[in-house]
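Engineer: So here's query.cif (mmCIF, C-alpha atoms and all ligand atoms).
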```cif
data_structure
loop_
_atom_site.group_PDB
_atom_site.id
_atom_site.type_symbol
_atom_site.label_atom_id
_atom_site.label_comp_id
_atom_site.auth_asym_id
_atom_site.auth_seq_id
_atom_site.Cartn_x
_atom_site.Cartn_y
_atom_site.Cartn_z
ATOM 1 C CA MET A 115 -99.786 -88.158 1.114
ATOM 2 C CA ASP A 116 -100.458 -87.869 4.790
ATOM 3 C CA GLN A 117 -97.300 -89.695 5.945
ATOM 4 C CA ALA A 118 -97.044 -88.063 9.356
ATOM 5 C CA HIS A 119 -100.191 -89.626 10.703
ATOM 6 C CA PRO A 120 -99.925 -90.574 14.401
ATOM 7 C CA LYS A 121 -100.363 -94.299 13.693
ATOM 8 C CA ASN A 122 -98.091 -94.174 10.642
ATOM 9 C CA GLN A 123 -100.694 -95.564 8.275
ATOM 10 C CA LYS A 124 -100.998 -93.688 5.040
ATOM 11 C CA ASN A 125 -104.312 -92.035 4.212
ATOM 12 C CA LEU A 126 -105.623 -89.835 1.439
ATOM 13 C CA ILE A 127 -107.770 -87.218 3.158
ATOM 14 C CA SER A 128 -106.918 -83.928 1.470
ATOM 15 C CA SER A 129 -105.015 -82.907 -1.627
ATOM 16 C CA GLN A 130 -103.323 -80.312 0.592
ATOM 17 C CA ASP A 131 -101.407 -83.199 2.231
ATOM 18 C CA MET A 132 -99.848 -84.226 -1.108
ATOM 19 C CA SER A 133 -96.644 -82.723 -2.458
ATOM 20 C CA ALA A 134 -96.021 -82.190 -6.180
ATOM 21 C CA THR A 135 -93.652 -85.190 -5.964
ATOM 22 C CA ASP A 136 -96.407 -87.413 -4.476
ATOM 23 C CA ILE A 137 -98.806 -86.347 -7.231
ATOM 24 C CA LYS A 138 -96.303 -86.883 -10.051
ATOM 25 C CA ARG A 139 -95.441 -90.344 -8.676
ATOM 26 C CA LEU A 140 -99.137 -91.334 -8.709
ATOM 27 C CA PHE A 141 -99.407 -90.066 -12.301
ATOM 28 C CA GLN A 142 -96.376 -92.157 -13.320
ATOM 29 C CA ILE A 143 -97.901 -95.258 -11.717
ATOM 30 C CA ALA A 144 -101.286 -94.599 -13.365
ATOM 31 C CA ARG A 145 -99.519 -94.170 -16.726
ATOM 32 C CA ILE A 146 -97.870 -97.589 -16.294
ATOM 33 C CA PHE A 147 -101.181 -99.226 -15.289
ATOM 34 C CA SER A 148 -103.195 -97.605 -18.097
ATOM 35 C CA PRO A 149 -102.123 -99.770 -21.100
ATOM 36 C CA GLU A 150 -102.482 -102.936 -18.992
ATOM 37 C CA VAL A 151 -106.064 -101.990 -18.093
ATOM 38 C CA LYS A 152 -106.835 -101.054 -21.711
ATOM 39 C CA GLN A 153 -105.675 -104.574 -22.727
ATOM 40 C CA GLY A 154 -108.057 -106.086 -20.147
ATOM 41 C CA LYS A 155 -105.251 -107.337 -17.882
ATOM 42 C CA THR A 156 -105.387 -107.472 -14.087
ATOM 43 C CA LEU A 157 -102.428 -106.801 -11.778
ATOM 44 C CA PRO A 158 -101.920 -108.764 -8.533
ATOM 45 C CA LEU A 159 -101.240 -105.741 -6.334
ATOM 46 C CA LEU A 160 -104.241 -106.130 -4.004
ATOM 47 C CA ARG A 161 -104.445 -109.935 -4.200
ATOM 48 C CA GLY A 162 -105.775 -111.289 -0.892
ATOM 49 C CA LYS A 163 -106.860 -107.830 0.272
ATOM 50 C CA THR A 164 -110.382 -106.498 0.882
ATOM 51 C CA LEU A 165 -111.360 -102.828 0.660
ATOM 52 C CA VAL A 166 -114.682 -101.443 1.901
ATOM 53 C CA ASN A 167 -116.610 -98.814 -0.056
ATOM 54 C CA LEU A 168 -118.383 -96.845 2.680
ATOM 55 C CA PHE A 169 -120.615 -94.415 0.789
ATOM 56 C CA PHE A 170 -123.191 -92.306 2.643
ATOM 57 C CA GLU A 171 -123.960 -90.119 -0.385
ATOM 58 C CA SER A 172 -125.006 -91.189 -3.854
ATOM 59 C CA SER A 173 -122.348 -91.850 -6.472
ATOM 60 C CA THR A 174 -122.027 -93.410 -9.913
ATOM 61 C CA ARG A 175 -118.463 -92.724 -11.098
ATOM 62 C CA THR A 176 -116.492 -92.729 -7.850
ATOM 63 C CA ARG A 177 -117.959 -95.826 -6.236
ATOM 64 C CA THR A 178 -117.952 -97.845 -9.452
ATOM 65 C CA SER A 179 -114.426 -96.865 -10.420
ATOM 66 C CA PHE A 180 -113.072 -97.635 -6.936
ATOM 67 C CA GLU A 181 -114.730 -101.042 -7.172
ATOM 68 C CA LEU A 182 -113.307 -101.640 -10.651
ATOM 69 C CA ALA A 183 -109.875 -100.418 -9.522
ATOM 70 C CA ILE A 184 -109.920 -102.936 -6.647
ATOM 71 C CA ARG A 185 -110.965 -105.769 -8.999
ATOM 72 C CA LYS A 186 -108.307 -104.854 -11.559
ATOM 73 C CA LEU A 187 -105.737 -105.115 -8.763
ATOM 74 C CA GLU A 188 -107.197 -108.564 -7.929
ATOM 75 C CA GLY A 189 -108.566 -107.452 -4.561
ATOM 76 C CA SER A 190 -112.094 -107.832 -3.176
ATOM 77 C CA ALA A 191 -114.471 -104.900 -2.839
ATOM 78 C CA LEU A 192 -117.161 -104.850 -0.186
ATOM 79 C CA ASN A 193 -119.888 -102.268 -0.798
ATOM 80 C CA PHE A 194 -121.395 -101.154 2.509
ATOM 81 C CA VAL A 195 -125.016 -100.038 2.113
ATOM 82 C CA SER A 196 -126.098 -97.614 4.823
ATOM 83 C CA ILE A 197 -129.834 -98.177 4.202
ATOM 84 C CA GLY A 198 -130.687 -101.279 6.201
ATOM 85 C CA SER A 199 -127.525 -101.025 8.330
ATOM 86 C CA SER A 200 -127.407 -100.461 12.084
ATOM 87 C CA LEU A 201 -126.798 -96.760 11.468
ATOM 88 C CA GLN A 202 -130.595 -96.673 11.300
ATOM 89 C CA LYS A 203 -130.683 -97.968 14.897
ATOM 90 C CA GLY A 204 -128.464 -95.098 16.030
ATOM 91 C CA GLU A 205 -124.952 -96.580 15.690
ATOM 92 C CA THR A 206 -122.433 -93.800 15.090
ATOM 93 C CA LEU A 207 -120.189 -93.413 12.050
ATOM 94 C CA ILE A 208 -117.072 -94.129 14.122
ATOM 95 C CA ASP A 209 -118.578 -97.227 15.734
ATOM 96 C CA THR A 210 -119.763 -98.455 12.335
ATOM 97 C CA ALA A 211 -116.288 -97.973 10.869
ATOM 98 C CA LYS A 212 -114.559 -99.585 13.883
ATOM 99 C CA ASN A 213 -116.834 -102.620 13.634
ATOM 100 C CA LEU A 214 -116.062 -102.943 9.939
ATOM 101 C CA GLU A 215 -112.340 -102.595 10.721
ATOM 102 C CA ALA A 216 -112.631 -105.430 13.264
ATOM 103 C CA MET A 217 -113.671 -107.721 10.370
ATOM 104 C CA GLY A 218 -110.200 -107.297 8.878
ATOM 105 C CA PRO A 219 -110.390 -105.228 5.669
ATOM 106 C CA HIS A 220 -107.248 -103.490 4.414
ATOM 107 C CA GLY A 221 -108.718 -100.032 3.830
ATOM 108 C CA LEU A 222 -111.893 -97.915 3.860
ATOM 109 C CA ILE A 223 -113.028 -95.653 1.037
ATOM 110 C CA VAL A 224 -115.390 -93.061 2.511
ATOM 111 C CA ARG A 225 -117.904 -90.618 1.034
ATOM 112 C CA HIS A 226 -119.928 -88.567 3.489
ATOM 113 C CA SER A 227 -121.919 -85.337 3.471
ATOM 114 C CA SER A 228 -120.042 -84.040 6.552
ATOM 115 C CA ALA A 229 -116.744 -82.313 5.799
ATOM 116 C CA GLY A 230 -114.035 -83.820 7.999
ATOM 117 C CA SER A 231 -115.567 -87.274 8.497
ATOM 118 C CA PRO A 232 -112.719 -89.136 6.670
ATOM 119 C CA LEU A 233 -110.198 -87.313 8.890
ATOM 120 C CA ILE A 234 -112.112 -88.334 12.020
ATOM 121 C CA LEU A 235 -112.030 -91.954 10.826
ATOM 122 C CA ALA A 236 -108.307 -91.712 9.999
ATOM 123 C CA ASN A 237 -107.692 -90.561 13.567
ATOM 124 C CA SER A 238 -109.745 -93.440 15.011
ATOM 125 C CA LEU A 239 -108.797 -96.423 12.813
ATOM 126 C CA LYS A 240 -105.531 -98.170 11.967
ATOM 127 C CA ILE A 241 -106.263 -99.083 8.332
ATOM 128 C CA PRO A 242 -105.820 -96.604 5.423
ATOM 129 C CA ILE A 243 -108.723 -94.215 4.865
ATOM 130 C CA ILE A 244 -109.347 -92.774 1.416
ATOM 131 C CA ASN A 245 -111.581 -89.732 1.039
ATOM 132 C CA ALA A 246 -114.074 -90.223 -1.809
ATOM 133 C CA GLY A 247 -115.684 -86.804 -1.181
ATOM 134 C CA ASP A 248 -116.589 -85.160 2.143
ATOM 135 C CA GLY A 249 -119.246 -82.438 2.136
ATOM 136 C CA PHE A 250 -117.904 -79.351 0.413
ATOM 137 C CA HIS A 251 -114.385 -79.961 1.749
ATOM 138 C CA GLU A 252 -112.477 -82.147 -0.766
ATOM 139 C CA HIS A 253 -112.622 -84.892 -3.393
ATOM 140 C CA PRO A 254 -108.905 -85.633 -3.801
ATOM 141 C CA THR A 255 -109.098 -88.555 -6.250
ATOM 142 C CA GLN A 256 -111.313 -86.430 -8.545
ATOM 143 C CA GLY A 257 -108.712 -83.650 -8.355
ATOM 144 C CA LEU A 258 -106.006 -86.167 -9.243
ATOM 145 C CA LEU A 259 -107.859 -87.688 -12.178
ATOM 146 C CA ASP A 260 -108.738 -84.258 -13.591
ATOM 147 C CA ALA A 261 -105.120 -83.084 -13.430
ATOM 148 C CA TYR A 262 -103.903 -86.426 -14.852
ATOM 149 C CA THR A 263 -106.343 -86.110 -17.778
ATOM 150 C CA ILE A 264 -105.136 -82.582 -18.553
ATOM 151 C CA GLN A 265 -101.488 -83.633 -18.338
ATOM 152 C CA GLU A 266 -102.168 -86.667 -20.549
ATOM 153 C CA LYS A 267 -103.732 -84.454 -23.237
ATOM 154 C CA LEU A 268 -101.536 -81.331 -23.013
ATOM 155 C CA GLY A 269 -98.242 -82.936 -21.921
ATOM 156 C CA THR A 270 -97.829 -80.612 -18.939
ATOM 157 C CA LEU A 271 -99.744 -78.406 -16.524
ATOM 158 C CA GLU A 272 -96.921 -75.929 -16.182
ATOM 159 C CA LYS A 273 -98.231 -72.419 -17.035
ATOM 160 C CA LYS A 274 -101.515 -73.767 -18.440
ATOM 161 C CA ARG A 275 -104.496 -71.461 -17.912
ATOM 162 C CA ILE A 276 -107.362 -73.330 -16.289
ATOM 163 C CA VAL A 277 -110.819 -71.837 -15.798
ATOM 164 C CA ILE A 278 -113.094 -73.469 -13.230
ATOM 165 C CA LEU A 279 -116.635 -72.418 -14.057
ATOM 166 C CA GLY A 280 -119.723 -72.646 -11.877
ATOM 167 C CA ASP A 281 -120.613 -73.321 -8.265
ATOM 168 C CA ILE A 282 -117.158 -72.917 -6.719
ATOM 169 C CA ALA A 283 -118.419 -72.151 -3.204
ATOM 170 C CA HIS A 284 -120.086 -75.536 -2.654
ATOM 171 C CA SER A 285 -117.716 -77.655 -4.722
ATOM 172 C CA ARG A 286 -115.294 -80.102 -3.092
ATOM 173 C CA VAL A 287 -114.033 -80.841 -6.604
ATOM 174 C CA ALA A 288 -113.046 -77.186 -7.126
ATOM 175 C CA ARG A 289 -111.073 -77.159 -3.865
ATOM 176 C CA SER A 290 -109.152 -80.339 -4.732
ATOM 177 C CA ASN A 291 -108.633 -79.128 -8.322
ATOM 178 C CA ILE A 292 -107.195 -75.818 -7.133
ATOM 179 C CA HIS A 293 -104.739 -77.402 -4.652
ATOM 180 C CA ILE A 294 -103.477 -80.008 -7.129
ATOM 181 C CA LEU A 295 -103.361 -77.866 -10.274
ATOM 182 C CA LYS A 296 -101.487 -75.079 -8.474
ATOM 183 C CA LYS A 297 -98.893 -77.553 -7.172
ATOM 184 C CA LEU A 298 -98.313 -78.668 -10.761
ATOM 185 C CA GLY A 299 -97.699 -75.118 -11.989
ATOM 186 C CA ALA A 300 -101.038 -74.193 -13.589
ATOM 187 C CA SER A 301 -102.549 -70.720 -13.414
ATOM 188 C CA ILE A 302 -106.180 -70.811 -12.316
ATOM 189 C CA ALA A 303 -109.198 -68.543 -12.626
ATOM 190 C CA VAL A 304 -112.590 -69.255 -11.087
ATOM 191 C CA CYS A 305 -115.799 -67.884 -12.543
ATOM 192 C CA GLY A 306 -119.441 -67.970 -11.514
ATOM 193 C CA PRO A 307 -122.270 -65.924 -10.038
ATOM 194 C CA PRO A 308 -121.127 -63.799 -7.057
ATOM 195 C CA SER A 309 -123.337 -65.898 -4.742
ATOM 196 C CA LEU A 310 -121.583 -69.112 -5.843
ATOM 197 C CA LEU A 311 -117.985 -67.899 -5.469
ATOM 198 C CA PRO A 312 -116.254 -68.084 -2.072
ATOM 199 C CA PRO A 313 -116.146 -64.709 -0.230
ATOM 200 C CA HIS A 314 -112.442 -64.063 -1.029
ATOM 201 C CA PRO A 315 -111.453 -66.156 -4.066
ATOM 202 C CA GLU A 316 -108.034 -64.462 -4.207
ATOM 203 C CA ALA A 317 -107.255 -66.110 -0.821
ATOM 204 C CA LEU A 318 -107.199 -69.434 -2.730
ATOM 205 C CA GLY A 319 -104.386 -68.074 -4.915
ATOM 206 C CA VAL A 320 -106.597 -67.837 -8.013
ATOM 207 C CA ASP A 321 -107.940 -65.059 -10.248
ATOM 208 C CA PHE A 322 -111.670 -64.613 -10.573
ATOM 209 C CA SER A 323 -114.297 -63.084 -12.800
ATOM 210 C CA PHE A 324 -118.094 -63.030 -12.857
ATOM 211 C CA ARG A 325 -118.089 -63.066 -16.674
ATOM 212 C CA PRO A 326 -117.086 -66.299 -18.464
ATOM 213 C CA GLU A 327 -116.606 -64.413 -21.770
ATOM 214 C CA SER A 328 -113.642 -62.530 -20.307
ATOM 215 C CA LEU A 329 -111.785 -65.792 -19.507
ATOM 216 C CA MET A 330 -112.621 -68.043 -22.460
ATOM 217 C CA PRO A 331 -110.160 -66.762 -25.123
ATOM 218 C CA ASP A 332 -107.053 -67.407 -22.968
ATOM 219 C CA ALA A 333 -108.179 -70.689 -21.410
ATOM 220 C CA ASP A 334 -106.288 -73.913 -22.153
ATOM 221 C CA VAL A 335 -108.842 -75.850 -20.125
ATOM 222 C CA VAL A 336 -112.373 -75.192 -18.836
ATOM 223 C CA ILE A 337 -113.688 -77.323 -15.982
ATOM 224 C CA ALA A 338 -117.469 -76.841 -15.727
ATOM 225 C CA LEU A 339 -119.035 -77.743 -12.372
ATOM 226 C CA ARG A 340 -122.501 -78.865 -11.386
ATOM 227 C CA VAL A 341 -124.714 -76.465 -9.435
ATOM 228 C CA GLN A 342 -124.827 -78.213 -6.052
ATOM 229 C CA LEU A 343 -128.405 -77.456 -5.021
ATOM 230 C CA GLU A 344 -128.193 -80.149 -2.315
ATOM 231 C CA ARG A 345 -125.482 -78.150 -0.493
ATOM 232 C CA GLN A 346 -127.272 -74.784 -0.610
ATOM 233 C CA ASN A 347 -129.511 -73.921 2.366
ATOM 234 C CA ARG A 348 -131.744 -72.064 -0.060
ATOM 235 C CA MET A 349 -131.287 -71.581 -3.801
ATOM 236 C CA GLN A 350 -128.556 -68.959 -4.172
ATOM 237 C CA ILE A 351 -129.272 -68.067 -7.774
ATOM 238 C CA PRO A 352 -132.497 -66.577 -9.165
ATOM 239 C CA SER A 353 -133.200 -69.646 -11.362
ATOM 240 C CA LEU A 354 -131.413 -72.442 -13.198
ATOM 241 C CA SER A 355 -132.373 -70.937 -16.571
ATOM 242 C CA GLU A 356 -130.767 -67.635 -15.564
ATOM 243 C CA TYR A 357 -127.662 -69.540 -14.400
ATOM 244 C CA SER A 358 -127.498 -71.310 -17.740
ATOM 245 C CA ARG A 359 -127.928 -68.031 -19.653
ATOM 246 C CA PHE A 360 -125.111 -66.173 -17.895
ATOM 247 C CA TRP A 361 -122.701 -68.915 -16.739
ATOM 248 C CA GLY A 362 -123.471 -72.108 -18.642
ATOM 249 C CA LEU A 363 -120.889 -73.513 -21.047
ATOM 250 C CA SER A 364 -123.045 -72.868 -24.101
ATOM 251 C CA ARG A 365 -122.229 -73.373 -27.771
ATOM 252 C CA GLU A 366 -121.654 -69.608 -28.110
ATOM 253 C CA ARG A 367 -119.198 -69.511 -25.196
ATOM 254 C CA ALA A 368 -117.416 -72.647 -26.425
ATOM 255 C CA ARG A 369 -116.842 -70.796 -29.730
ATOM 256 C CA LEU A 370 -114.716 -68.256 -27.830
ATOM 257 C CA LEU A 371 -112.278 -70.990 -26.773
ATOM 258 C CA LYS A 372 -109.063 -71.975 -28.533
ATOM 259 C CA LYS A 373 -109.347 -74.809 -31.061
ATOM 260 C CA GLU A 374 -107.122 -77.013 -28.888
ATOM 261 C CA ALA A 375 -108.699 -76.151 -25.499
ATOM 262 C CA LEU A 376 -110.012 -78.995 -23.322
ATOM 263 C CA LEU A 377 -113.488 -79.201 -21.749
ATOM 264 C CA LEU A 378 -113.876 -81.153 -18.527
ATOM 265 C CA HIS A 379 -116.764 -81.865 -16.166
ATOM 266 C CA PRO A 380 -116.499 -84.162 -13.110
ATOM 267 C CA GLY A 381 -120.104 -85.382 -13.510
ATOM 268 C CA PRO A 382 -122.895 -85.878 -12.927
ATOM 269 C CA VAL A 383 -123.815 -83.417 -15.674
ATOM 270 C CA ASN A 384 -127.045 -81.424 -15.746
ATOM 271 C CA ARG A 385 -127.270 -81.102 -19.514
ATOM 272 C CA GLY A 386 -128.445 -77.671 -20.607
ATOM 273 C CA ILE A 387 -127.691 -76.051 -17.238
ATOM 274 C CA GLU A 388 -123.938 -75.957 -16.640
ATOM 275 C CA ILE A 389 -123.039 -77.311 -20.085
ATOM 276 C CA ASP A 390 -124.985 -77.679 -23.325
ATOM 277 C CA SER A 391 -125.498 -81.187 -24.737
ATOM 278 C CA GLU A 392 -123.847 -80.099 -27.970
ATOM 279 C CA VAL A 393 -120.726 -78.900 -26.099
ATOM 280 C CA MET A 394 -120.506 -82.253 -24.300
ATOM 281 C CA GLU A 395 -120.134 -83.904 -27.704
ATOM 282 C CA ASP A 396 -117.568 -81.310 -28.896
ATOM 283 C CA PRO A 397 -114.261 -82.942 -29.965
ATOM 284 C CA ARG A 398 -112.558 -80.859 -27.246
ATOM 285 C CA SER A 399 -114.635 -82.558 -24.522
ATOM 286 C CA VAL A 400 -112.618 -85.125 -22.523
ATOM 287 C CA ILE A 401 -115.380 -85.963 -20.035
ATOM 288 C CA LEU A 402 -115.340 -89.697 -20.743
ATOM 289 C CA ASP A 403 -111.507 -89.765 -20.694
ATOM 290 C CA GLN A 404 -111.827 -88.405 -17.139
ATOM 291 C CA VAL A 405 -114.052 -91.367 -16.288
ATOM 292 C CA PHE A 406 -111.555 -93.962 -17.599
ATOM 293 C CA ASN A 407 -108.657 -92.172 -15.916
ATOM 294 C CA GLY A 408 -110.601 -92.387 -12.644
ATOM 295 C CA ILE A 409 -109.943 -96.133 -12.673
ATOM 296 C CA VAL A 410 -106.173 -95.974 -13.215
ATOM 297 C CA ILE A 411 -105.662 -93.069 -10.801
ATOM 298 C CA ARG A 412 -107.641 -94.913 -8.110
ATOM 299 C CA MET A 413 -105.621 -98.088 -8.816
ATOM 300 C CA ALA A 414 -102.442 -96.058 -8.251
ATOM 301 C CA VAL A 415 -103.797 -94.576 -4.993
ATOM 302 C CA LEU A 416 -104.956 -97.963 -3.672
ATOM 303 C CA ALA A 417 -101.716 -99.775 -4.522
ATOM 304 C CA GLU A 418 -99.617 -96.967 -3.053
ATOM 305 C CA LEU A 419 -101.617 -96.774 0.198
ATOM 306 C CA CYS A 420 -102.599 -100.392 0.785
ATOM 307 C CA ASN A 421 -99.648 -102.371 -0.612
ATOM 308 C CA PRO A 422 -96.659 -100.039 -1.092
ATOM 309 C CA PHE A 423 -93.932 -102.702 -0.737
ATOM 310 C CA GLU A 424 -95.374 -105.051 -3.365
ATOM 311 C CA LEU A 425 -96.012 -102.076 -5.635
ATOM 312 C CA ALA A 426 -92.365 -101.002 -5.317
ATOM 313 C CA GLN A 427 -91.189 -104.571 -6.096
ATOM 314 C CA TRP A 428 -93.572 -104.848 -9.058
ATOM 315 C CA LEU A 429 -92.304 -101.573 -10.503
ATOM 316 C CA GLU A 430 -88.675 -102.565 -9.945
ATOM 317 C CA LYS A 431 -89.180 -105.942 -11.650
ATOM 318 C CA ARG A 432 -90.478 -104.085 -14.684
ATOM 319 C CA GLY A 433 -87.523 -101.733 -14.672
ATOM 320 C CA GLN A 434 -89.763 -98.783 -13.838
ATOM 321 C CA ASN A 435 -87.871 -96.211 -11.839
ATOM 322 C CA VAL A 436 -90.778 -94.336 -10.224
HETATM 323 N N1 LIG B 1 -117.481 -87.017 -9.976
HETATM 324 C C1 LIG B 1 -118.154 -87.719 -9.034
HETATM 325 O O1 LIG B 1 -117.791 -87.711 -7.830
HETATM 326 O O2 LIG B 1 -119.201 -88.416 -9.522
HETATM 327 P P1 LIG B 1 -120.143 -89.376 -8.648
HETATM 328 O O3 LIG B 1 -120.876 -88.508 -7.667
HETATM 329 O O4 LIG B 1 -121.043 -90.064 -9.628
HETATM 330 O O5 LIG B 1 -119.241 -90.340 -7.911
#
```
Represent the structure of the file as structure tokens.
Ligand code: CP

Structural biologist:
Amino acid sequence: MDQAHPKNQKNLISSQDMSATDIKRLFQIARIFSPEVKQGKTLPLLRGKTLVNLFFESSTRTRTSFELAIRKLEGSALNFVSIGSSLQKGETLIDTAKNLEAMGPHGLIVRHSSAGSPLILANSLKIPIINAGDGFHEHPTQGLLDAYTIQEKLGTLEKKRIVILGDIAHSRVARSNIHILKKLGASIAVCGPPSLLPPHPEALGVDFSFRPESLMPDADVVIALRVQLERQNRMQIPSLSEYSRFWGLSRERARLLKKEALLLHPGPVNRGIEIDSEVMEDPRSVILDQVFNGIVIRMAVLAELCNPFELAQWLEKRGQNV
């Protein structure tokens, strides 16, 4: 985590700031929380604390799971709604966030279409800032929950072959996935139409191909991504049906995969475009496991950033040497 911040508060802005040790610690904490959550228990690790969900882009999974994570840690979640706020009268993002901070919350969870906005807030505010997705820069908690899901199912990420398929160029999820999965020892290939791959994919330390068929037989995991039309100035593929024909995770392509391979998608899914409905229901699909793991990973992040001393005491009391 970003421990060297000028004001010494901890933030989660980019997965590049996290070491393999930081990531593994969060996974251990999430693994301890997971059975408690499955039994319907709450944990008092954010009791008396309020966190603000500051979302300027639409979200189903991330906003809801942050809110649930806060509630399961017995904290209060405040959902800021930008429509109807004084942003519409011209108040800036920083002023909005500073005014919210003045009301005394213990952290801000931020999603914004501008890459870098959570970092700007981290440099301007004293409370922890958690990036819930900024433009096409990063989505670190999605990267964490994806890697946690793979580790949970396969036991390790070391030397696993992971194919990230689709709109890599516009995907903050792909960037966070690549940083985190590489730190945990996975080997990564990206695949998609030339117009939707970054100009020099090898600079990210990954292999690449324009043909999914060439990567499927060796893959331990395929992460299919949504085509992010909202981040493209103009459509960068001839048509969605052509995309689906050449790059979609179809039934035929899924047949090329190993029996024990995993299929992931961060959501929201455009059924029939980046992944066929039938493949979503394949026993190898762990898409809904990703969604549940989003809660426990976000609980681990929130407890670690917003109440680290009580978390350490809680773990010690339970004899958990994390
Ligand atoms: N994966 C993800 O960020 O989904 P939402 O946009 O629904 O939060």

Engineer: Can you give me, as a ChimeraX atom specification, the residues this file yields under the PyMOL selection byres (((not hetatm)) within 9 of (chain B and resi 1))?

Structural biologist: /A:171-179,246-247,253,255-256,287,379-382,405

Engineer: Could you give me, as a list in words, the residues that have an atom at most 8 Å away from the point (-110.8, -65.0, -10.6) in the coordinates of the file, using all atoms listed in the file?

Structural biologist: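 Counting all atoms listed in the file, I find these residues within 8 Å of (-110.8, -65.0, -10.6): Ile302, Ala303, Val304, Cys305, Pro315, Glu316, Val320, Asp321, Phe322, Ser323 and Phe324 of chain A.
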
Engineer: Nearest to Arg286 of chain A among A:Ser227, A:Gln153, A:Ser238, A:Ser353, with distances taken over all atoms listed in the file: which residue is it?

Structural biologist: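 Among A:Ser227, A:Gln153, A:Ser238, A:Ser353, it is A:Ser227 that comes nearest to Arg286 of chain A.
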
Engineer: Give me the residues within 8 Å of Arg275 of chain A as a short mmCIF file (atom, residue, chain, number, x, y, z; two decimals) with C-alpha atoms, in the coordinates of the input, counting all atoms listed in the file and dropping any in the same chain fewer than 6 places off.

Structural biologist:
```cif
data_model
loop_
_atom_site.label_atom_id
_atom_site.label_comp_id
_atom_site.auth_asym_id
_atom_site.auth_seq_id
_atom_site.Cartn_x
_atom_site.Cartn_y
_atom_site.Cartn_z
CA ALA A 300 -101.04 -74.19 -13.59
CA SER A 301 -102.55 -70.72 -13.41
CA ILE A 302 -106.18 -70.81 -12.32
CA ALA A 303 -109.20 -68.54 -12.63
CA ASP A 332 -107.05 -67.41 -22.97
CA ALA A 333 -108.18 -70.69 -21.41
CA ASP A 334 -106.29 -73.91 -22.15
CA VAL A 335 -108.84 -75.85 -20.12
#
```

Engineer: Go through the shown structure with the PyMOL selection byres (((chain A and resi 306) around 8) and not hetatm) and write out the matching residues as a PyMOL selection string.

Structural biologist: chain A and resi 279-282+304-305+307-308+310-311+323-326+361

Engineer: With distances taken over only C-alpha atoms, which of A:Val410, A:Ile278, A:Ala134, A:Gly386 is nearest to Gly299 of chain A?

Structural biologist: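 Of all the options, A:Ala134 lies closest to Gly299 of chain A.
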
Engineer: I'd like the residues picked by the PyMOL selection byres (((chain A and resi 194) around 9) and not hetatm) written out as JSON, numbers by chain, using the chain letters and numbers from the file.

Structural biologist: {"A": [166, 167, 168, 169, 192, 193, 195, 196, 199]}

Engineer: Within 6 Å of (-114.0, -77.2, -11.4) (file coordinates; all atoms listed in the file), which protein or nucleic acid residues are there? I'd like them as a ChimeraX atom specification.

Structural biologist: /A:278,288,337-339

Engineer: Just the residues within 12 Å of Leu376 of chain A, please, counting all atoms listed in the file, with nothing from its chain fewer than 5 positions along; format it as a PyMOL selection string.

Structural biologist: chain A and resi 260-261+263-268+274-278+330+332-338+368+371+393-394+396-401+403-404

Engineer: Selected residues, C-alpha atoms, written as a PDB file, keeping the file's coordinate frame, please.

Structural biologist:
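Generated output (part_26.pdb):
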```
ATOM      1  CA  ASP A 260    -108.738 -84.258 -13.591  1.00  0.00           C
ATOM      2  CA  ALA A 261    -105.120 -83.084 -13.430  1.00  0.00           C
ATOM      3  CA  THR A 263    -106.343 -86.110 -17.778  1.00  0.00           C
ATOM      4  CA  ILE A 264    -105.136 -82.582 -18.553  1.00  0.00           C
ATOM      5  CA  GLN A 265    -101.488 -83.633 -18.338  1.00  0.00           C
ATOM      6  CA  GLU A 266    -102.168 -86.667 -20.549  1.00  0.00           C
ATOM      7  CA  LYS A 267    -103.732 -84.454 -23.237  1.00  0.00           C
ATOM      8  CA  LEU A 268    -101.536 -81.331 -23.013  1.00  0.00           C
ATOM      9  CA  LYS A 274    -101.515 -73.767 -18.440  1.00  0.00           C
ATOM     10  CA  ARG A 275    -104.496 -71.461 -17.912  1.00  0.00           C
ATOM     11  CA  ILE A 276    -107.362 -73.330 -16.289  1.00  0.00           C
ATOM     12  CA  VAL A 277    -110.819 -71.837 -15.798  1.00  0.00           C
ATOM     13  CA  ILE A 278    -113.094 -73.469 -13.230  1.00  0.00           C
ATOM     14  CA  MET A 330    -112.621 -68.043 -22.460  1.00  0.00           C
ATOM     15  CA  ASP A 332    -107.053 -67.407 -22.968  1.00  0.00           C
ATOM     16  CA  ALA A 333    -108.179 -70.689 -21.410  1.00  0.00           C
ATOM     17  CA  ASP A 334    -106.288 -73.913 -22.153  1.00  0.00           C
ATOM     18  CA  VAL A 335    -108.842 -75.850 -20.125  1.00  0.00           C
ATOM     19  CA  VAL A 336    -112.373 -75.192 -18.836  1.00  0.00           C
ATOM     20  CA  ILE A 337    -113.688 -77.323 -15.982  1.00  0.00           C
ATOM     21  CA  ALA A 338    -117.469 -76.841 -15.727  1.00  0.00           C
ATOM     22  CA  ALA A 368    -117.416 -72.647 -26.425  1.00  0.00           C
ATOM     23  CA  LEU A 371    -112.278 -70.990 -26.773  1.00  0.00           C
ATOM     24  CA  VAL A 393    -120.726 -78.900 -26.099  1.00  0.00           C
ATOM     25  CA  MET A 394    -120.506 -82.253 -24.300  1.00  0.00           C
ATOM     26  CA  ASP A 396    -117.568 -81.310 -28.896  1.00  0.00           C
ATOM     27  CA  PRO A 397    -114.261 -82.942 -29.965  1.00  0.00           C
ATOM     28  CA  ARG A 398    -112.558 -80.859 -27.246  1.00  0.00           C
ATOM     29  CA  SER A 399    -114.635 -82.558 -24.522  1.00  0.00           C
ATOM     30  CA  VAL A 400    -112.618 -85.125 -22.523  1.00  0.00           C
ATOM     31  CA  ILE A 401    -115.380 -85.963 -20.035  1.00  0.00           C
ATOM     32  CA  ASP A 403    -111.507 -89.765 -20.694  1.00  0.00           C
ATOM     33  CA  GLN A 404    -111.827 -88.405 -17.139  1.00  0.00           C
TER      34      GLN A 404
END
```
